[in-house]
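Quick notes on the structure that follows.
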Amino acid sequence: MSLDLRTTRPRHPRLAARSRVVRVVPIVVGVACLVVFCLGARAEIPFEREPINYLTASVHDPMALLQAKLQAGKVALGHNDRQGCLRSVLEQLNVPISSQVLVFSKTGFWSPDEYDLVGDE
């Protein structure tokens with residue numbers, strides 16, 4: 001006895017419809033996600049914008065402002081033999097000394113006993 005699958009009807013039509021939905025919905029959602037992602041990831045290159053001129057643009061960062069004050073003679077940096085002008089630069093930039101960390105490792109070249117650059121005296 002042979003069964004022809006094309007002519008047989010499922011015993012439960014609702015289950016057959018549900019199984020089709022379960023197979024089709026993830027495919028449709030996946031394709032929709034790919035379309036949305038591709039549209040969002042499209043790069044727009046701003047050809048009409050003016051280029052960023054890094055060499056000629058004026059800088060306004062704290063180090064550049066300190067450099068301008070030094071060149072104008074408005075600020076003088078202190079210097080000592082052990083730390084150079086490090087403390088003075090940190091004070092001028094309003095950087096707390098406690099934020100400065102020097103990391104040493106077992107395989108590193110420097111030993112922590114040799115260099116205590118910012119430590120309290």
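Residues in the structure tokens are numbered from 1 in each chain, the chains being A, B, ... in the order shown, and ligands are numbered from 1 in the order shown.
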Counting only C-alpha atoms, what is within 12 Å of range 66-70 of chain A, bar same-chain residues fewer than 3 positions away, as a PDB file with N, CA and C atoms, in the first residue's frame?
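The result, written out as around-v9.pdb:
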```
ATOM      1  N   SER A  58      43.627  75.791  15.259  1.00  0.00           N
ATOM      2  CA  SER A  58      44.040  76.250  16.585  1.00  0.00           C
ATOM      3  C   SER A  58      43.648  75.204  17.625  1.00  0.00           C
ATOM      4  N   VAL A  59      44.507  75.051  18.622  1.00  0.00           N
ATOM      5  CA  VAL A  59      44.256  74.070  19.671  1.00  0.00           C
ATOM      6  C   VAL A  59      43.891  74.796  20.960  1.00  0.00           C
ATOM      7  N   HIS A  60      42.999  74.168  21.724  1.00  0.00           N
ATOM      8  CA  HIS A  60      42.529  74.786  22.962  1.00  0.00           C
ATOM      9  C   HIS A  60      42.593  73.825  24.133  1.00  0.00           C
ATOM     10  N   ASP A  61      43.461  72.823  24.041  1.00  0.00           N
ATOM     11  CA  ASP A  61      43.569  71.879  25.146  1.00  0.00           C
ATOM     12  C   ASP A  61      44.441  72.486  26.255  1.00  0.00           C
ATOM     13  N   PRO A  62      44.388  71.956  27.472  1.00  0.00           N
ATOM     14  CA  PRO A  62      45.130  72.541  28.596  1.00  0.00           C
ATOM     15  C   PRO A  62      46.633  72.609  28.367  1.00  0.00           C
ATOM     16  N   MET A  63      47.203  71.627  27.711  1.00  0.00           N
ATOM     17  CA  MET A  63      48.648  71.649  27.482  1.00  0.00           C
ATOM     18  C   MET A  63      49.037  72.762  26.514  1.00  0.00           C
ATOM     19  N   GLY A  73      55.614  84.173  28.949  1.00  0.00           N
ATOM     20  CA  GLY A  73      56.289  84.537  30.188  1.00  0.00           C
ATOM     21  C   GLY A  73      55.347  84.768  31.354  1.00  0.00           C
ATOM     22  N   LYS A  74      54.097  84.370  31.243  1.00  0.00           N
ATOM     23  CA  LYS A  74      53.123  84.557  32.314  1.00  0.00           C
ATOM     24  C   LYS A  74      53.284  83.509  33.415  1.00  0.00           C
ATOM     25  N   VAL A  75      53.896  82.377  33.074  1.00  0.00           N
ATOM     26  CA  VAL A  75      54.057  81.273  34.019  1.00  0.00           C
ATOM     27  C   VAL A  75      55.504  80.803  33.968  1.00  0.00           C
ATOM     28  N   ALA A  76      56.031  80.477  35.137  1.00  0.00           N
ATOM     29  CA  ALA A  76      57.357  79.880  35.214  1.00  0.00           C
ATOM     30  C   ALA A  76      57.232  78.553  35.948  1.00  0.00           C
ATOM     31  N   LEU A  77      57.889  77.533  35.442  1.00  0.00           N
ATOM     32  CA  LEU A  77      57.819  76.213  36.056  1.00  0.00           C
ATOM     33  C   LEU A  77      58.991  76.021  36.993  1.00  0.00           C
ATOM     34  N   GLY A  78      58.682  75.480  38.174  1.00  0.00           N
ATOM     35  CA  GLY A  78      59.741  75.146  39.117  1.00  0.00           C
ATOM     36  C   GLY A  78      60.453  73.875  38.687  1.00  0.00           C
ATOM     37  N   SER A  88      55.520  70.866  39.032  1.00  0.00           N
ATOM     38  CA  SER A  88      55.077  72.189  38.597  1.00  0.00           C
ATOM     39  C   SER A  88      54.106  72.091  37.416  1.00  0.00           C
ATOM     40  N   VAL A  89      54.379  71.211  36.484  1.00  0.00           N
ATOM     41  CA  VAL A  89      53.481  71.019  35.339  1.00  0.00           C
ATOM     42  C   VAL A  89      52.139  70.474  35.809  1.00  0.00           C
ATOM     43  N   LEU A  90      52.169  69.503  36.723  1.00  0.00           N
ATOM     44  CA  LEU A  90      50.918  68.946  37.235  1.00  0.00           C
ATOM     45  C   LEU A  90      50.093  70.014  37.957  1.00  0.00           C
ATOM     46  N   GLU A  91      50.753  70.872  38.715  1.00  0.00           N
ATOM     47  CA  GLU A  91      50.027  71.957  39.400  1.00  0.00           C
ATOM     48  C   GLU A  91      49.398  72.924  38.397  1.00  0.00           C
ATOM     49  N   GLN A  92      50.138  73.277  37.358  1.00  0.00           N
ATOM     50  CA  GLN A  92      49.623  74.210  36.354  1.00  0.00           C
ATOM     51  C   GLN A  92      48.451  73.620  35.575  1.00  0.00           C
ATOM     52  N   LEU A  93      48.451  72.303  35.393  1.00  0.00           N
ATOM     53  CA  LEU A  93      47.373  71.644  34.663  1.00  0.00           C
ATOM     54  C   LEU A  93      46.228  71.216  35.575  1.00  0.00           C
ATOM     55  N   ASN A  94      46.342  71.518  36.862  1.00  0.00           N
ATOM     56  CA  ASN A  94      45.330  71.136  37.867  1.00  0.00           C
ATOM     57  C   ASN A  94      45.100  69.628  37.891  1.00  0.00           C
TER      58      ASN A  94
END
```
*Atom-to-atom span, CA of Lys106 in chain A and CA of Cys85 in chain A, Å*: 28.6 Å
*Name the closest residue to Gln100 in chain A among the candidates A:Leu65, A:Ala57, A:Leu86, A:Val28; distances are taken between atoms, counting only C-alpha atoms.*
A:Leu86
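Here CA of Ser99 in chain A is placed at a distance of 18.1 Å from CA of Gly84 in chain A.
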